[in-house]
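Listing of my_file-v4.cif, mmCIF, C-alpha atoms
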```cif
data_structure
loop_
_atom_site.group_PDB
_atom_site.id
_atom_site.type_symbol
_atom_site.label_atom_id
_atom_site.label_comp_id
_atom_site.auth_asym_id
_atom_site.auth_seq_id
_atom_site.Cartn_x
_atom_site.Cartn_y
_atom_site.Cartn_z
ATOM 1 C CA GLN A 24 57.839 -56.961 -31.285
ATOM 2 C CA ALA A 25 59.154 -60.491 -31.741
ATOM 3 C CA ALA A 26 57.871 -64.041 -32.067
ATOM 4 C CA VAL A 27 59.184 -67.591 -31.953
ATOM 5 C CA LEU A 28 57.622 -70.078 -34.357
ATOM 6 C CA TYR A 29 56.419 -73.156 -32.482
ATOM 7 C CA PRO A 30 57.833 -76.416 -33.980
ATOM 8 C CA ALA A 31 54.405 -78.001 -34.150
ATOM 9 C CA GLN A 32 55.231 -81.061 -36.246
ATOM 10 C CA MET A 33 58.198 -82.045 -34.100
ATOM 11 C CA ALA A 34 56.179 -81.551 -30.921
ATOM 12 C CA LEU A 35 53.436 -83.781 -32.315
ATOM 13 C CA ILE A 36 55.443 -86.553 -33.975
ATOM 14 C CA GLU A 37 58.952 -86.898 -32.542
ATOM 15 C CA PRO A 38 59.262 -89.274 -29.545
ATOM 16 C CA TYR A 39 60.997 -88.021 -26.418
ATOM 17 C CA ASP A 40 63.498 -90.886 -26.555
ATOM 18 C CA ARG A 41 64.806 -90.027 -30.019
ATOM 19 C CA PRO A 42 68.489 -88.987 -29.814
ATOM 20 C CA GLY A 43 68.825 -85.218 -29.570
ATOM 21 C CA ASN A 44 65.165 -84.638 -28.769
ATOM 22 C CA ALA A 45 65.862 -82.849 -25.479
ATOM 23 C CA LEU A 46 68.215 -80.366 -27.152
ATOM 24 C CA ARG A 47 65.782 -79.732 -29.994
ATOM 25 C CA ARG A 48 62.979 -78.978 -27.557
ATOM 26 C CA ARG A 49 65.213 -76.676 -25.541
ATOM 27 C CA ASP A 50 65.962 -74.783 -28.738
ATOM 28 C CA LEU A 51 62.453 -73.303 -28.628
ATOM 29 C CA LEU A 52 62.807 -72.262 -24.990
ATOM 30 C CA GLY A 53 66.264 -70.806 -25.591
ATOM 31 C CA TRP A 54 65.124 -68.607 -28.467
ATOM 32 C CA TYR A 55 62.236 -67.344 -26.350
ATOM 33 C CA GLN A 56 64.485 -66.559 -23.402
ATOM 34 C CA ALA A 57 67.111 -64.872 -25.585
ATOM 35 C CA LEU A 58 64.558 -62.470 -27.057
ATOM 36 C CA CYS A 59 62.951 -61.807 -23.669
ATOM 37 C CA ASP A 60 66.391 -61.111 -22.191
ATOM 38 C CA LEU A 61 66.764 -58.348 -24.786
ATOM 39 C CA GLY A 62 63.660 -56.671 -23.388
ATOM 40 C CA LEU A 63 61.362 -57.608 -26.270
ATOM 41 C CA ASN A 64 57.707 -58.464 -25.924
ATOM 42 C CA THR A 65 57.890 -61.980 -27.374
ATOM 43 C CA ASP A 66 55.103 -64.337 -28.445
ATOM 44 C CA VAL A 67 55.183 -68.029 -29.332
ATOM 45 C CA LEU A 68 53.351 -68.365 -32.640
ATOM 46 C CA HIS A 69 51.773 -71.589 -33.933
ATOM 47 C CA PRO A 70 52.336 -72.233 -37.666
ATOM 48 C CA THR A 71 48.575 -71.984 -38.260
ATOM 49 C CA GLN A 72 48.784 -68.354 -37.087
ATOM 50 C CA TYR A 73 50.880 -67.356 -40.115
ATOM 51 C CA GLN A 74 48.494 -64.467 -40.867
ATOM 52 C CA GLU A 75 49.765 -62.756 -37.702
ATOM 53 C CA LEU A 76 53.399 -62.553 -38.888
ATOM 54 C CA GLY A 77 52.988 -59.031 -40.224
ATOM 55 C CA GLN A 78 52.707 -57.519 -36.736
ATOM 56 C CA TYR A 79 56.245 -58.622 -35.766
ATOM 57 C CA ARG A 80 59.650 -57.311 -36.787
ATOM 58 C CA VAL A 81 61.779 -60.217 -35.527
ATOM 59 C CA LEU A 82 60.956 -63.905 -35.951
ATOM 60 C CA ALA A 83 62.975 -66.853 -34.633
ATOM 61 C CA LEU A 84 62.714 -70.361 -36.090
ATOM 62 C CA PRO A 85 63.800 -73.116 -33.696
ATOM 63 C CA ILE A 86 64.664 -76.443 -35.254
ATOM 64 C CA ASP A 87 61.655 -78.459 -36.409
ATOM 65 C CA SER A 88 63.001 -81.871 -37.410
ATOM 66 C CA CYS A 89 59.582 -83.033 -38.598
ATOM 67 C CA TYR A 90 58.493 -79.939 -40.532
ATOM 68 C CA GLU A 91 58.440 -81.710 -43.886
ATOM 69 C CA GLU A 92 56.023 -84.340 -42.586
ATOM 70 C CA GLU A 93 53.261 -81.795 -43.190
ATOM 71 C CA ILE A 94 54.433 -78.827 -45.234
ATOM 72 C CA SER A 95 52.427 -75.623 -45.073
ATOM 73 C CA PRO A 96 52.570 -73.647 -48.362
ATOM 74 C CA ALA A 97 50.597 -70.825 -46.731
ATOM 75 C CA LEU A 98 53.148 -70.538 -43.924
ATOM 76 C CA GLU A 99 56.030 -70.545 -46.411
ATOM 77 C CA THR A 100 54.424 -67.753 -48.412
ATOM 78 C CA ALA A 101 53.880 -65.768 -45.218
ATOM 79 C CA LEU A 102 57.525 -66.269 -44.185
ATOM 80 C CA ALA A 103 58.730 -65.027 -47.563
ATOM 81 C CA ASP A 104 56.462 -61.969 -47.328
ATOM 82 C CA PHE A 105 57.587 -61.309 -43.752
ATOM 83 C CA VAL A 106 61.221 -61.009 -44.828
ATOM 84 C CA LYS A 107 60.574 -59.165 -48.096
ATOM 85 C CA ASN A 108 58.637 -56.536 -46.141
ATOM 86 C CA GLY A 109 61.558 -55.858 -43.803
ATOM 87 C CA GLY A 110 61.448 -58.578 -41.158
ATOM 88 C CA LEU A 111 64.487 -60.139 -39.510
ATOM 89 C CA LEU A 112 64.292 -63.945 -39.645
ATOM 90 C CA LEU A 113 66.668 -65.850 -37.341
ATOM 91 C CA ALA A 114 66.820 -69.614 -37.875
ATOM 92 C CA SER A 115 68.492 -72.521 -36.149
ATOM 93 C CA ALA A 116 70.568 -74.858 -38.285
ATOM 94 C CA GLY A 117 68.716 -77.514 -40.224
ATOM 95 C CA HIS A 118 65.315 -75.857 -40.551
ATOM 96 C CA PRO A 119 63.909 -76.893 -43.955
ATOM 97 C CA VAL A 120 62.421 -73.464 -44.758
ATOM 98 C CA LEU A 121 65.935 -72.063 -45.217
ATOM 99 C CA ARG A 122 66.246 -74.180 -48.352
ATOM 100 C CA ARG A 123 62.586 -74.442 -49.347
ATOM 101 C CA VAL A 124 61.663 -70.755 -49.067
ATOM 102 C CA PHE A 125 64.916 -68.828 -49.380
ATOM 103 C CA GLY A 126 67.134 -71.185 -51.387
ATOM 104 C CA ILE A 127 69.867 -71.207 -48.736
ATOM 105 C CA GLU A 128 71.914 -74.376 -49.108
ATOM 106 C CA ALA A 129 73.781 -75.786 -46.112
ATOM 107 C CA VAL A 130 76.458 -78.424 -45.635
ATOM 108 C CA PRO A 131 76.666 -80.462 -42.405
ATOM 109 C CA HIS A 132 79.757 -79.530 -40.404
ATOM 110 C CA LYS A 133 81.649 -81.239 -37.631
ATOM 111 C CA GLN A 134 81.491 -79.771 -34.123
ATOM 112 C CA GLU A 135 84.035 -76.985 -33.966
ATOM 113 C CA CYS A 136 84.579 -73.744 -32.085
ATOM 114 C CA VAL A 137 83.353 -70.624 -33.836
ATOM 115 C CA ARG A 138 84.593 -67.053 -33.833
ATOM 116 C CA TYR A 139 82.478 -63.908 -33.718
ATOM 117 C CA GLN A 140 83.792 -60.352 -33.387
ATOM 118 C CA GLY A 141 87.204 -61.813 -32.618
ATOM 119 C CA GLU A 142 85.877 -63.838 -29.679
ATOM 120 C CA GLY A 143 85.970 -67.641 -29.607
ATOM 121 C CA ILE A 144 82.793 -69.520 -28.670
ATOM 122 C CA ILE A 145 82.622 -73.196 -27.676
ATOM 123 C CA PRO A 146 79.377 -74.794 -28.897
ATOM 124 C CA GLY A 147 78.002 -77.699 -26.896
ATOM 125 C CA GLY A 148 75.362 -78.969 -29.286
ATOM 126 C CA ILE A 149 75.263 -81.930 -31.653
ATOM 127 C CA PHE A 150 74.314 -80.430 -35.031
ATOM 128 C CA PHE A 151 76.154 -77.814 -37.093
ATOM 129 C CA GLU A 152 76.110 -76.436 -40.624
ATOM 130 C CA SER A 153 78.202 -74.224 -42.871
ATOM 131 C CA TYR A 154 76.975 -71.979 -45.691
ATOM 132 C CA ASP A 155 78.144 -70.769 -49.068
ATOM 133 C CA CYS A 156 77.424 -67.045 -49.047
ATOM 134 C CA GLY A 157 78.033 -66.619 -52.777
ATOM 135 C CA ASP A 158 77.663 -63.061 -54.021
ATOM 136 C CA VAL A 159 74.693 -62.286 -51.785
ATOM 137 C CA GLY A 160 75.316 -63.471 -48.224
ATOM 138 C CA GLN A 161 77.584 -61.835 -45.670
ATOM 139 C CA PRO A 162 79.517 -64.119 -43.273
ATOM 140 C CA LEU A 163 78.604 -63.512 -39.640
ATOM 141 C CA MET A 164 80.595 -66.212 -37.790
ATOM 142 C CA CYS A 165 83.297 -68.588 -38.951
ATOM 143 C CA TYR A 166 84.567 -71.940 -37.736
ATOM 144 C CA GLU A 167 87.851 -71.755 -35.851
ATOM 145 C CA ASP A 168 89.719 -74.521 -37.679
ATOM 146 C CA THR A 169 88.361 -74.630 -41.216
ATOM 147 C CA GLY A 170 87.384 -70.989 -41.595
ATOM 148 C CA ASP A 171 84.060 -72.079 -43.095
ATOM 149 C CA CYS A 172 81.064 -69.793 -42.704
ATOM 150 C CA ALA A 173 79.203 -70.806 -39.530
ATOM 151 C CA ALA A 174 76.445 -68.174 -39.782
ATOM 152 C CA ALA A 175 75.527 -65.642 -42.438
ATOM 153 C CA VAL A 176 73.203 -62.758 -43.244
ATOM 154 C CA PHE A 177 71.248 -63.051 -46.515
ATOM 155 C CA PRO A 178 69.369 -59.916 -47.645
ATOM 156 C CA VAL A 179 65.934 -60.698 -49.075
ATOM 157 C CA GLY A 180 63.822 -57.775 -50.232
ATOM 158 C CA LYS A 181 63.792 -55.221 -47.427
ATOM 159 C CA GLY A 182 64.633 -57.830 -44.766
ATOM 160 C CA ARG A 183 67.263 -60.375 -43.778
ATOM 161 C CA VAL A 184 67.468 -64.116 -43.251
ATOM 162 C CA VAL A 185 70.108 -65.331 -40.797
ATOM 163 C CA PRO A 186 70.870 -69.077 -40.570
ATOM 164 C CA MET A 187 72.818 -69.547 -37.340
ATOM 165 C CA GLY A 188 74.723 -72.749 -38.175
ATOM 166 C CA MET A 189 73.810 -74.269 -34.787
ATOM 167 C CA TRP A 190 70.754 -74.782 -32.618
ATOM 168 C CA TYR A 191 71.156 -71.309 -31.188
ATOM 169 C CA GLY A 192 68.394 -71.526 -28.581
ATOM 170 C CA ALA A 193 69.795 -74.726 -27.094
ATOM 171 C CA GLU A 194 73.281 -73.189 -27.062
ATOM 172 C CA TYR A 195 71.949 -70.085 -25.307
ATOM 173 C CA LEU A 196 70.638 -72.182 -22.410
ATOM 174 C CA MET A 197 73.817 -74.235 -21.939
ATOM 175 C CA GLU A 198 75.600 -73.259 -18.736
ATOM 176 C CA GLU A 199 78.617 -75.460 -19.391
ATOM 177 C CA THR A 200 80.098 -77.084 -22.481
ATOM 178 C CA GLY A 201 83.063 -78.973 -21.079
ATOM 179 C CA ALA A 202 86.736 -78.088 -21.218
ATOM 180 C CA VAL A 203 88.393 -76.236 -24.066
ATOM 181 C CA PRO A 204 89.316 -78.912 -26.681
ATOM 182 C CA PRO A 205 93.034 -79.756 -26.457
ATOM 183 C CA GLN A 206 93.809 -78.645 -30.017
ATOM 184 C CA TYR A 207 92.988 -75.046 -29.066
ATOM 185 C CA GLY A 208 95.654 -74.853 -26.367
ATOM 186 C CA ASN A 209 95.301 -71.742 -24.205
ATOM 187 C CA ARG A 210 93.124 -69.734 -26.603
ATOM 188 C CA ASP A 211 90.335 -67.761 -24.967
ATOM 189 C CA LEU A 212 87.144 -69.671 -25.756
ATOM 190 C CA TYR A 213 83.827 -69.390 -23.904
ATOM 191 C CA PRO A 214 80.325 -70.904 -23.894
ATOM 192 C CA LEU A 215 77.779 -68.663 -25.588
ATOM 193 C CA CYS A 216 76.060 -67.931 -22.261
ATOM 194 C CA VAL A 217 79.103 -66.013 -20.954
ATOM 195 C CA ALA A 218 80.509 -64.648 -24.230
ATOM 196 C CA GLU A 219 80.893 -60.892 -24.400
ATOM 197 C CA HIS A 220 79.582 -60.753 -27.955
ATOM 198 C CA ASP A 221 76.364 -62.402 -29.114
ATOM 199 C CA PRO A 222 75.381 -62.296 -32.815
ATOM 200 C CA VAL A 223 71.656 -62.499 -32.122
ATOM 201 C CA ARG A 224 71.805 -59.614 -29.671
ATOM 202 C CA ASP A 225 73.718 -57.488 -32.172
ATOM 203 C CA LEU A 226 71.297 -58.307 -35.000
ATOM 204 C CA VAL A 227 68.211 -57.598 -32.900
ATOM 205 C CA ARG A 228 69.687 -54.259 -31.826
ATOM 206 C CA THR A 229 69.729 -53.160 -35.472
ATOM 207 C CA VAL A 230 65.930 -53.454 -35.338
ATOM 208 C CA PHE A 231 65.266 -52.492 -31.707
ATOM 209 C CA PRO A 232 68.060 -50.275 -30.323
ATOM 210 C CA GLU A 233 68.520 -50.631 -26.576
ATOM 211 C CA SER A 234 66.735 -47.720 -24.896
ATOM 212 C CA ARG A 235 66.571 -48.987 -21.307
ATOM 213 C CA PRO A 236 68.656 -51.396 -19.203
ATOM 214 C CA VAL A 237 68.243 -55.116 -19.890
ATOM 215 C CA GLN A 238 70.010 -58.176 -18.517
ATOM 216 C CA ARG A 239 69.980 -61.917 -18.984
ATOM 217 C CA GLY A 240 67.351 -63.444 -16.710
ATOM 218 C CA ILE A 241 65.316 -60.228 -16.460
ATOM 219 C CA GLU A 242 62.005 -60.447 -18.326
ATOM 220 C CA ILE A 243 60.379 -57.141 -19.223
ATOM 221 C CA ALA A 244 56.869 -56.769 -20.616
ATOM 222 C CA ALA A 245 56.092 -53.257 -21.843
ATOM 223 C CA PHE A 246 52.571 -51.864 -21.787
ATOM 224 C CA THR A 247 51.222 -48.497 -22.825
ATOM 225 C CA ASP A 248 51.282 -47.223 -19.249
ATOM 226 C CA GLY A 249 54.150 -49.142 -17.662
ATOM 227 C CA TRP A 250 56.210 -52.291 -17.348
ATOM 228 C CA VAL A 251 55.964 -55.643 -15.635
ATOM 229 C CA ILE A 252 59.493 -56.790 -14.778
ATOM 230 C CA VAL A 253 60.239 -60.315 -13.571
ATOM 231 C CA ASN A 254 63.618 -61.129 -12.040
ATOM 232 C CA HIS A 255 64.302 -64.799 -12.818
ATOM 233 C CA THR A 256 67.769 -64.647 -11.235
ATOM 234 C CA SER A 257 68.832 -65.129 -7.617
ATOM 235 C CA SER A 258 70.315 -61.627 -7.281
ATOM 236 C CA PRO A 259 68.618 -58.239 -6.801
ATOM 237 C CA TRP A 260 68.396 -56.139 -9.955
ATOM 238 C CA ASN A 261 68.490 -52.353 -10.159
ATOM 239 C CA CYS A 262 65.344 -51.199 -11.950
ATOM 240 C CA ALA A 263 66.050 -47.470 -11.586
ATOM 241 C CA GLY A 264 66.244 -47.241 -15.380
ATOM 242 C CA TYR A 265 62.452 -47.640 -15.461
ATOM 243 C CA PRO A 266 61.076 -44.502 -13.777
ATOM 244 C CA GLY A 267 57.638 -44.534 -12.238
ATOM 245 C CA GLU A 268 55.519 -45.662 -9.320
ATOM 246 C CA ARG A 269 56.637 -49.145 -8.256
ATOM 247 C CA GLN A 270 54.462 -51.904 -6.810
ATOM 248 C CA PHE A 271 56.756 -54.741 -5.719
ATOM 249 C CA GLN A 272 55.777 -58.326 -5.117
ATOM 250 C CA TYR A 273 58.223 -58.242 -2.207
ATOM 251 C CA GLU A 274 59.311 -54.892 -0.788
ATOM 252 C CA MET A 275 62.978 -54.007 -0.160
ATOM 253 C CA ALA A 276 64.324 -51.035 1.754
ATOM 254 C CA ASP A 277 65.931 -49.769 -1.452
ATOM 255 C CA ARG A 278 62.992 -49.290 -3.815
ATOM 256 C CA THR A 279 65.247 -49.286 -6.865
ATOM 257 C CA LEU A 280 66.121 -52.963 -6.270
ATOM 258 C CA LEU A 281 63.985 -55.851 -7.483
ATOM 259 C CA MET A 282 64.471 -58.932 -5.317
ATOM 260 C CA GLY A 283 65.528 -62.174 -6.971
ATOM 261 C CA HIS A 284 62.687 -64.443 -8.163
ATOM 262 C CA SER A 285 60.096 -61.709 -7.830
ATOM 263 C CA ALA A 286 58.246 -59.158 -9.918
ATOM 264 C CA VAL A 287 57.343 -55.469 -9.970
ATOM 265 C CA TRP A 288 54.760 -53.355 -11.745
ATOM 266 C CA ILE A 289 56.076 -49.898 -12.657
ATOM 267 C CA LYS A 290 53.517 -47.312 -13.726
ATOM 268 C CA GLN A 291 55.236 -44.889 -16.070
ATOM 269 C CA LYS A 292 55.652 -41.278 -15.225
ATOM 270 C CA GLU A 293 53.925 -39.124 -17.807
ATOM 271 C CA GLU A 294 57.180 -37.677 -19.144
ATOM 272 C CA SER A 295 58.672 -41.169 -19.681
ATOM 273 C CA VAL A 296 55.833 -42.506 -21.821
#
```
With the file now loaded, output its structure as structure tokens.
Amino acid sequence: QAAVLYPAQMALIEPYDRPGNALRRRDLLGWYQALCDLGLNTDVLHPTQYQELGQYRVLALPIDSCYEEEISPALETALADFVKNGGLLLASAGHPVLRRVFGIEAVPHKQECVRYQGEGIIPGGIFFESYDCGDVGQPLMCYEDTGDCAAAVFPVGKGRVVPMGMWYGAEYLMEETGAVPPQYGNRDLYPLCVAEHDPVRDLVRTVFPESRPVQRGIEIAAFTDGWVIVNHTSSPWNCAGYPGERQFQYEMADRTLLMGHSAVWIKQKEESV
């Protein structure tokens, strides 16, 4: 269903002690977790596996600060074809393929709160961009102070390219971002992890509508005859929305509840397949 492109050049070349390296590496993990939290079967794809892109409908590009050290024309062609054929490409700020493949120009932007669906979000990262949508792009998020476009949707062929204006995966994993900046007074502003509205979730749902319950921290792998569900949280989770014969890692008296930090295999009932 979905894939995250592994930042191979950065992983190979960039030293761990380079400023910002930890956040850039967490960007990959955050994208993977965000897509898994939406109930999608998600793979991590190496750039040399570009021929496999056609089997996915959603592709996330974490930041790869060293991508241009060894450019892959074959990968860039495959990315262009992926979008033209109807794929949804989600990209963290600063990825060179936005400019190289899709001609999307970005301007570095100072750290600033952003607004999406009327809700204010406090970013905690260190790198941000704004975009000129021109006559083609559609603004998705805007910066609170300047009103500049912080994320946009660019139609390309049958698909869409969405530069996020931040390292979205790293932001998704942040559990705290500090206090609300003084200039915002008592405005309601929240870290992305607790915001009611999430642009990536809303975009993915245009491709994969939610058909069964999902929750942050609950990883669901769908198979032809059932589901493996892993509860990565500390609280029990109600899995009654997945009907079938349940085989729990750890049994509970209430067989609709999946214990925290455990897993269950649910064999689908015939009528639910």
_I need the output of the PyMOL selection byres ((chain A and resi 253) around 7) for this file as number ranges by chain; which residues are they?_
A: 241-243, 251-252, 254-255, 285-287
Could I get the residues of stretch 223-274 of chain A with an atom no further than 12 Å from an atom of stretch 188-206 of chain A, each paired with its nearest atom pair and that distance in Å to one decimal, using only C-alpha atoms, sorted by chain and residue number, as JSON lines?
```
{"residue": "A:Val223", "atom": "CA", "partner": "A:Tyr191", "partner_atom": "CA", "distance": 8.9}
{"residue": "A:Arg224", "atom": "CA", "partner": "A:Tyr195", "partner_atom": "CA", "distance": 11.3}
{"residue": "A:Arg239", "atom": "CA", "partner": "A:Tyr195", "partner_atom": "CA", "distance": 10.5}
{"residue": "A:Gly240", "atom": "CA", "partner": "A:Leu196", "partner_atom": "CA", "distance": 10.9}
```
Residues just named, written with C-alpha atoms as a tab-separated table (two decimals), in the frame of the given file:
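Output contents, as saved in result21.tsv:
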```tsv
chain	number	residue	atom	x	y	z
A	223	VAL	CA	71.66	-62.50	-32.12
A	224	ARG	CA	71.81	-59.61	-29.67
A	239	ARG	CA	69.98	-61.92	-18.98
A	240	GLY	CA	67.35	-63.44	-16.71
```
_Residue neighbourhood A:Met164, 6 Å, all atoms listed in the file, exclusion window fewer than 4 positions, as a PyMOL selection string_ = chain A and resi 138-139+173-174
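One finds atom CA of A:Leu102 at 26.5 Å from atom CA of A:Gly43.
Considering only C-alpha atoms, the residue among A:Val179, A:Leu61, A:Val130, A:Cys89 positioned nearest to A:Asn108 is A:Val179.
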*Among the residues A:Arg235, A:Arg123, A:Arg41, A:Arg210, the one that comes closest to A:Glu99 [using only C-alpha atoms]*: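 Of A:Arg235, A:Arg123, A:Arg41, A:Arg210, the one nearest A:Glu99, counting only C-alpha atoms, is A:Arg123.
Residues with any atom within 10 Å of A:Phe231, counting only C-alpha atoms and excluding same-chain neighbours fewer than 2 positions away, are A:Gln24, A:Leu61, A:Gly62, A:Leu63, A:Arg80, A:Val81, A:Arg224, A:Asp225, A:Leu226, A:Val227, A:Arg228, A:Thr229, A:Glu233, A:Ser234.
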Prev. selection, C-alpha atoms, output as a compact mmCIF listing (two decimals), keeping the file's coordinate frame:
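Output (part-v2.txt):
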```
# COMPACT_ATOMS: atom_id res chain seq x y z
CA GLN A 24 57.84 -56.96 -31.28
CA LEU A 61 66.76 -58.35 -24.79
CA GLY A 62 63.66 -56.67 -23.39
CA LEU A 63 61.36 -57.61 -26.27
CA ARG A 80 59.65 -57.31 -36.79
CA VAL A 81 61.78 -60.22 -35.53
CA ARG A 224 71.81 -59.61 -29.67
CA ASP A 225 73.72 -57.49 -32.17
CA LEU A 226 71.30 -58.31 -35.00
CA VAL A 227 68.21 -57.60 -32.90
CA ARG A 228 69.69 -54.26 -31.83
CA THR A 229 69.73 -53.16 -35.47
CA GLU A 233 68.52 -50.63 -26.58
CA SER A 234 66.74 -47.72 -24.90
```
